[in-house]
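The data block below is model_32.cif; it holds mmCIF, C-alpha atoms.
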data_query
loop_
_atom_site.label_atom_id
_atom_site.label_comp_id
_atom_site.auth_asym_id
_atom_site.auth_seq_id
_atom_site.Cartn_x
_atom_site.Cartn_y
_atom_site.Cartn_z
CA MET A 1 3.21 -17.90 0.26
CA VAL A 2 2.27 -17.62 -3.42
CA ARG A 3 -0.74 -15.59 -4.44
CA GLY A 4 -3.96 -16.52 -6.19
CA VAL A 5 -7.17 -14.70 -6.90
CA ALA A 6 -9.82 -17.43 -6.89
CA GLY A 7 -12.71 -16.76 -4.57
CA TRP A 8 -11.72 -13.21 -3.68
CA GLY A 9 -15.02 -11.65 -4.66
CA CYS A 10 -17.17 -13.85 -2.44
CA PHE A 11 -15.89 -12.14 0.72
CA TRP A 12 -16.79 -8.59 -0.33
CA LEU A 13 -20.30 -7.24 -0.12
CA TRP A 14 -20.68 -3.67 -1.31
CA CYS A 15 -23.47 -1.32 -0.38
CA SER A 16 -24.36 2.03 -1.92
CA THR A 17 -22.06 3.94 0.44
CA CYS A 18 -19.06 1.75 -0.45
CA VAL A 19 -18.78 0.33 3.07
CA LEU A 20 -17.57 -3.24 3.26
CA THR A 21 -19.71 -5.49 5.42
CA HIS A 22 -17.02 -8.14 5.93
CA GLY A 23 -13.38 -7.60 6.70
CA LEU A 24 -10.51 -9.14 4.82
CA ARG A 25 -9.53 -12.54 6.18
CA ILE A 26 -6.03 -13.94 6.62
CA HIS A 27 -4.46 -15.37 3.44
CA GLU A 28 -6.73 -13.37 1.22
CA TYR A 29 -5.72 -10.71 -1.22
CA LEU A 30 -6.71 -7.11 -1.47
CA TYR A 31 -6.21 -4.91 -4.51
CA PHE A 32 -5.50 -1.24 -4.97
CA GLN A 33 -5.12 0.86 -8.09
CA VAL A 34 -2.67 3.67 -8.63
CA LEU A 35 -4.57 6.51 -10.32
CA SER A 36 -1.64 8.92 -10.54
CA PRO A 37 1.08 9.08 -11.79
CA GLY A 38 -0.20 7.59 -15.02
CA ASP A 39 2.88 5.54 -15.89
CA ILE A 40 2.11 3.17 -12.99
CA ARG A 41 -1.68 3.22 -13.31
CA TYR A 42 -1.96 -0.48 -12.49
CA ILE A 43 -3.87 -2.68 -10.07
CA PHE A 44 -1.56 -4.04 -7.36
CA THR A 45 -2.07 -7.00 -5.04
CA VAL A 46 -1.39 -6.83 -1.29
CA THR A 47 -1.88 -9.24 1.60
CA PRO A 48 -3.03 -8.31 5.12
CA ALA A 49 -1.05 -8.84 8.30
CA LYS A 50 -1.78 -12.23 9.83
CA ASP A 51 -2.48 -11.37 13.45
CA PHE A 52 -2.48 -7.59 13.96
CA GLY A 53 -3.96 -4.47 12.47
CA GLY A 54 -7.41 -3.46 11.35
CA VAL A 55 -9.44 -4.13 8.23
CA PHE A 56 -10.82 -1.83 5.56
CA HIS A 57 -14.45 -0.95 6.22
CA THR A 58 -14.47 1.93 3.76
CA ARG A 59 -13.44 2.17 0.12
CA TYR A 60 -11.23 5.15 -0.63
CA GLU A 61 -11.82 6.36 -4.20
CA GLN A 62 -8.87 8.76 -4.08
CA ILE A 63 -6.40 8.78 -1.22
CA GLN A 64 -2.72 9.62 -1.09
CA LEU A 65 -0.11 6.86 -0.87
CA VAL A 66 2.76 8.68 0.83
CA PRO A 67 6.25 7.14 0.94
CA ALA A 68 7.51 7.34 4.53
CA ASP A 69 10.60 9.40 5.35
CA PRO A 70 12.67 7.58 6.52
CA PRO A 71 11.50 4.68 4.35
CA GLU A 72 11.66 1.99 7.07
CA ALA A 73 9.42 4.00 9.46
CA CYS A 74 11.02 2.64 12.62
CA GLY A 75 10.76 5.96 14.46
CA PRO A 76 9.36 9.46 14.05
CA LEU A 77 8.63 10.37 10.43
CA ASN A 78 10.01 13.54 8.86
CA ASN A 79 6.90 13.72 6.68
CA GLY A 80 4.40 12.56 9.30
CA PHE A 81 2.20 15.60 8.64
CA PHE A 82 1.58 14.36 5.07
CA ILE A 83 0.69 10.86 6.28
CA GLN A 84 -2.15 12.07 8.52
CA ASP A 85 -5.46 10.76 7.10
CA GLN A 86 -3.59 9.11 4.21
CA ILE A 87 -1.90 5.74 3.57
CA ALA A 88 1.84 5.32 4.13
CA LEU A 89 4.16 3.34 1.87
CA VAL A 90 6.90 1.85 4.04
CA GLU A 91 9.86 -0.44 3.32
CA ARG A 92 10.51 -3.70 5.13
CA GLY A 93 13.52 -3.88 7.47
CA GLY A 94 14.96 -2.23 10.56
CA CYS A 95 12.12 -3.10 12.94
CA SER A 96 9.03 -5.31 13.17
CA PHE A 97 6.00 -4.98 10.92
CA LEU A 98 3.95 -4.11 13.99
CA SER A 99 6.37 -1.33 14.97
CA LYS A 100 6.07 0.21 11.49
CA THR A 101 2.28 0.00 11.64
CA ARG A 102 2.22 1.69 15.04
CA VAL A 103 4.49 4.52 13.83
CA VAL A 104 2.14 5.20 10.92
CA GLN A 105 -0.89 4.94 13.21
CA GLU A 106 0.70 7.42 15.65
CA HIS A 107 1.11 9.86 12.75
CA GLY A 108 -2.60 9.57 11.96
CA GLY A 109 -2.31 7.29 8.91
CA ARG A 110 -5.40 5.35 7.82
CA ALA A 111 -3.35 2.31 6.75
CA VAL A 112 0.18 1.19 5.96
CA ILE A 113 1.44 -0.69 2.91
CA ILE A 114 4.79 -2.32 3.67
CA SER A 115 6.77 -3.28 0.58
CA ASP A 116 9.47 -5.91 0.63
CA ASN A 117 12.98 -4.43 0.69
CA ALA A 118 14.05 -6.89 -2.00
CA ALA A 119 13.34 -4.88 -5.16
CA ASP A 120 13.59 -8.03 -7.28
CA ASN A 121 10.83 -9.86 -5.35
CA ASP A 122 7.95 -10.09 -7.80
CA SER A 123 6.19 -13.25 -6.60
CA PHE A 124 6.61 -14.15 -2.91
CA TYR A 125 4.50 -12.60 -0.17
CA VAL A 126 5.81 -12.43 3.37
CA GLU A 127 3.42 -13.32 6.16
CA MET A 128 3.44 -10.33 8.49
CA ILE A 129 3.05 -11.44 12.10
CA GLN A 130 2.94 -9.67 15.44
CA ASP A 131 6.23 -9.21 17.24
CA SER A 132 6.87 -10.53 20.76
CA SER A 133 5.53 -7.37 22.39
CA ARG A 134 2.00 -7.06 23.72
CA ARG A 135 1.33 -4.01 21.58
CA THR A 136 -1.52 -3.75 19.10
CA ALA A 137 -2.37 -1.66 16.05
CA ASP A 138 -5.78 -0.64 14.79
CA ILE A 139 -5.06 0.42 11.21
CA PRO A 140 -4.81 -2.05 8.30
CA ALA A 141 -1.29 -3.31 7.55
CA LEU A 142 -0.72 -4.73 4.07
CA PHE A 143 2.29 -6.39 2.42
CA LEU A 144 3.33 -5.40 -1.12
CA LEU A 145 5.83 -7.18 -3.35
CA GLY A 146 9.25 -5.53 -3.46
CA ARG A 147 9.19 -5.01 -7.23
CA ASP A 148 5.84 -3.22 -7.00
CA GLY A 149 6.98 -0.97 -4.15
CA TYR A 150 10.20 -0.16 -5.97
CA MET A 151 8.36 0.74 -9.19
CA ILE A 152 5.90 3.00 -7.36
CA ARG A 153 8.70 4.84 -5.51
CA ARG A 154 10.78 5.10 -8.70
CA SER A 155 7.88 6.63 -10.62
CA LEU A 156 7.27 9.19 -7.87
CA GLU A 157 10.97 10.14 -7.89
CA GLN A 158 11.05 10.45 -11.68
CA HIS A 159 8.02 12.76 -11.64
CA GLY A 160 9.17 14.70 -8.56
CA LEU A 161 5.93 13.82 -6.74
CA PRO A 162 5.58 13.48 -2.95
CA TRP A 163 2.82 10.85 -3.20
CA ALA A 164 0.67 8.74 -5.51
CA ILE A 165 -3.11 8.85 -5.66
CA ILE A 166 -4.71 5.42 -5.19
CA SER A 167 -8.10 3.76 -4.89
CA ILE A 168 -8.33 1.03 -2.24
CA PRO A 169 -9.73 -1.59 -2.02
CA VAL A 170 -10.61 -2.36 -5.63
CA ASN A 171 -13.09 -5.15 -6.29
CA VAL A 172 -11.41 -6.87 -9.25
CA THR A 173 -14.33 -9.25 -9.72
CA SER A 174 -16.39 -6.34 -11.04
CA ILE A 175 -13.79 -5.34 -13.67
CA PRO A 176 -13.84 -7.07 -17.07
CA THR A 177 -10.63 -9.07 -17.55
CA PHE A 178 -9.58 -7.03 -20.59
CA GLU A 179 -9.72 -3.84 -18.45
CA LEU A 180 -7.55 -5.15 -15.61
CA LEU A 181 -4.40 -3.07 -15.81
CA GLN A 182 -1.79 -5.34 -14.28
CA PRO A 183 1.85 -4.37 -13.76
CA PRO A 184 3.76 -5.72 -16.77
CA TRP A 185 6.64 -6.85 -14.53
CA THR A 186 4.42 -9.08 -12.34
CA PHE A 187 2.86 -12.41 -13.28
CA TRP A 188 -0.78 -12.73 -12.13
#

Represent the structure of the file as structure tokens.
Amino acid sequence: MVRGVAGWGCFWLWCSTCVLTHGLRIHEYLYFQVLSPGDIRYIFTVTPAKDFGGVFHTRYEQIQLVPADPPEACGPLNNGFFIQDQIALVERGGCSFLSKTRVVQEHGGRAVIISDNAADNDSFYVEMIQDSSRRTADIPALFLLGRDGYMIRRSLEQHGLPWAIISIPVNVTSIPTFELLQPPWTFW
């Protein structure tokens, strides 16, 4: 699936408390902005899971994006305490997307962003589908391009930081085009 941004804004209705009145639909795009560290202060595009997980009903102005340890999040997390009430950054591979989402949910995470494990993937989104189990997940599960996930993790390692601070979701239709800070390695 290749991304596009046309029509994104028509599905989002904002009220004064920043609560979304409509959830994100399948094959739509959601945006988040890294606020810190500053060298990756860009707006990133993610896609929601196709048939599992919740939707964002609240906008988080500043929330931690915590890389999971171990990165694939196929079992208990060594840093699960830091993921509670935050968003986990997980790598694809090792188990199903649903299993990863459930692990993060069990650790109290508000959402999970699963980046492709192919660090050179800068254009193709994977459609995350439910596995063959009858399990469910309630938190949002989002897919991030491998290049974007790699660059976020690399920046955190270079700065010795345990997490990034992000704003999610970001309504890009309200930002003037010249102010959209897009990752220089990704074509929009």

Quick one: everything within 7 Å of Asn79 in chain A, counting only C-alpha atoms, minus sequence neighbours fewer than 4 positions away in the same chain. Send it as a VMD selection string.
chain A and resid 68 to 69 83

For the file shown, report as a VMD selection string the outcome of the PyMOL selection byres ((chain A and resi 143-149) around 10) at residue level.
chain A and resid 29 to 30 40 42 44 to 49 67 89 to 92 97 112 to 128 141 to 142 150 to 154 183 185 to 186

Find, counting all atoms listed in the file, the residue in A:Leu180, A:Ala88, A:Cys74, A:Ile168 that gets nearest to Val34 in chain A.
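Counting all atoms listed in the file, the residue closest to Val34 in chain A is A:Ile168.
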
Give me, please, the distance in Å between CA of Ser96 in chain A and CA of Tyr31 in chain A, quoted to one decimal.
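Separation of CA of Ser96 in chain A and CA of Tyr31 in chain A: 23.3 Å.
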
Result set of the PyMOL selection byres ((chain A and resi 166) around 9) on the coordinates above, as a list in words
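Selection result, ordered by chain and number: Phe32, Gln33, Val34, Leu35, Ser36, Arg41, Tyr60, Glu61, Gln62, Ile63, Gln64, Leu65, Ala164, Ile165, Ser167 and Ile168 of chain A.
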
Atomic distance CA of Val66 in chain A - CA of Ser174 in chain A, expressed in Å with one decimal
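We find that CA of Val66 in chain A and CA of Ser174 in chain A lie 27.1 Å from each other.
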
Between CA of Asp85 in chain A and CA of Gln105 in chain A, measure the distance and give it in Å to one decimal.
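Distance reported for this atom pair: 9.6 Å.
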
Identify the residues around (-5.4, -2.0, 14.8) within a radius of 12 Å, measuring from all atoms listed in the file in the coordinates stated by the file, and give them as a PyMOL selection string.
chain A and resi 48-56+98-99+101-106+109-112+130+135-141

Restricting the calculation to all atoms listed in the file: of A:Pro176, A:Gly93, A:Arg59, A:Ile87, which residue gets closest to Pro71 in chain A?
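Smallest separation from Pro71 in chain A among the options: A:Gly93.
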
Could you tell me which of A:Trp163, A:Gln182, A:Gly108, A:His57 comes closest to Gln84 in chain A if we count all atoms listed in the file?
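Between A:Trp163, A:Gln182, A:Gly108, A:His57, the residue approaching Gln84 in chain A most closely is A:Gly108.
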
Take the point (12.5, 5.1, 15.2) in the file's coordinates, draw a sphere of radius 10 Å around it, and report as a PyMOL selection string every protein, DNA or RNA residue with an atom inside or on it, counting all atoms listed in the file.
chain A and resi 70+72-77+94-95+99-100+103

Kindly provide, as AutoDock Vina command-line options, the centre and edge lengths (Å, one decimal) of an axis-aligned box around all atoms of range 30-47 of chain A given in the file, with 8 Å on each side.
--center_x -1.9 --center_y -0.1 --center_z -7.1 --size_x 25.6 --size_y 34.3 --size_z 33.5
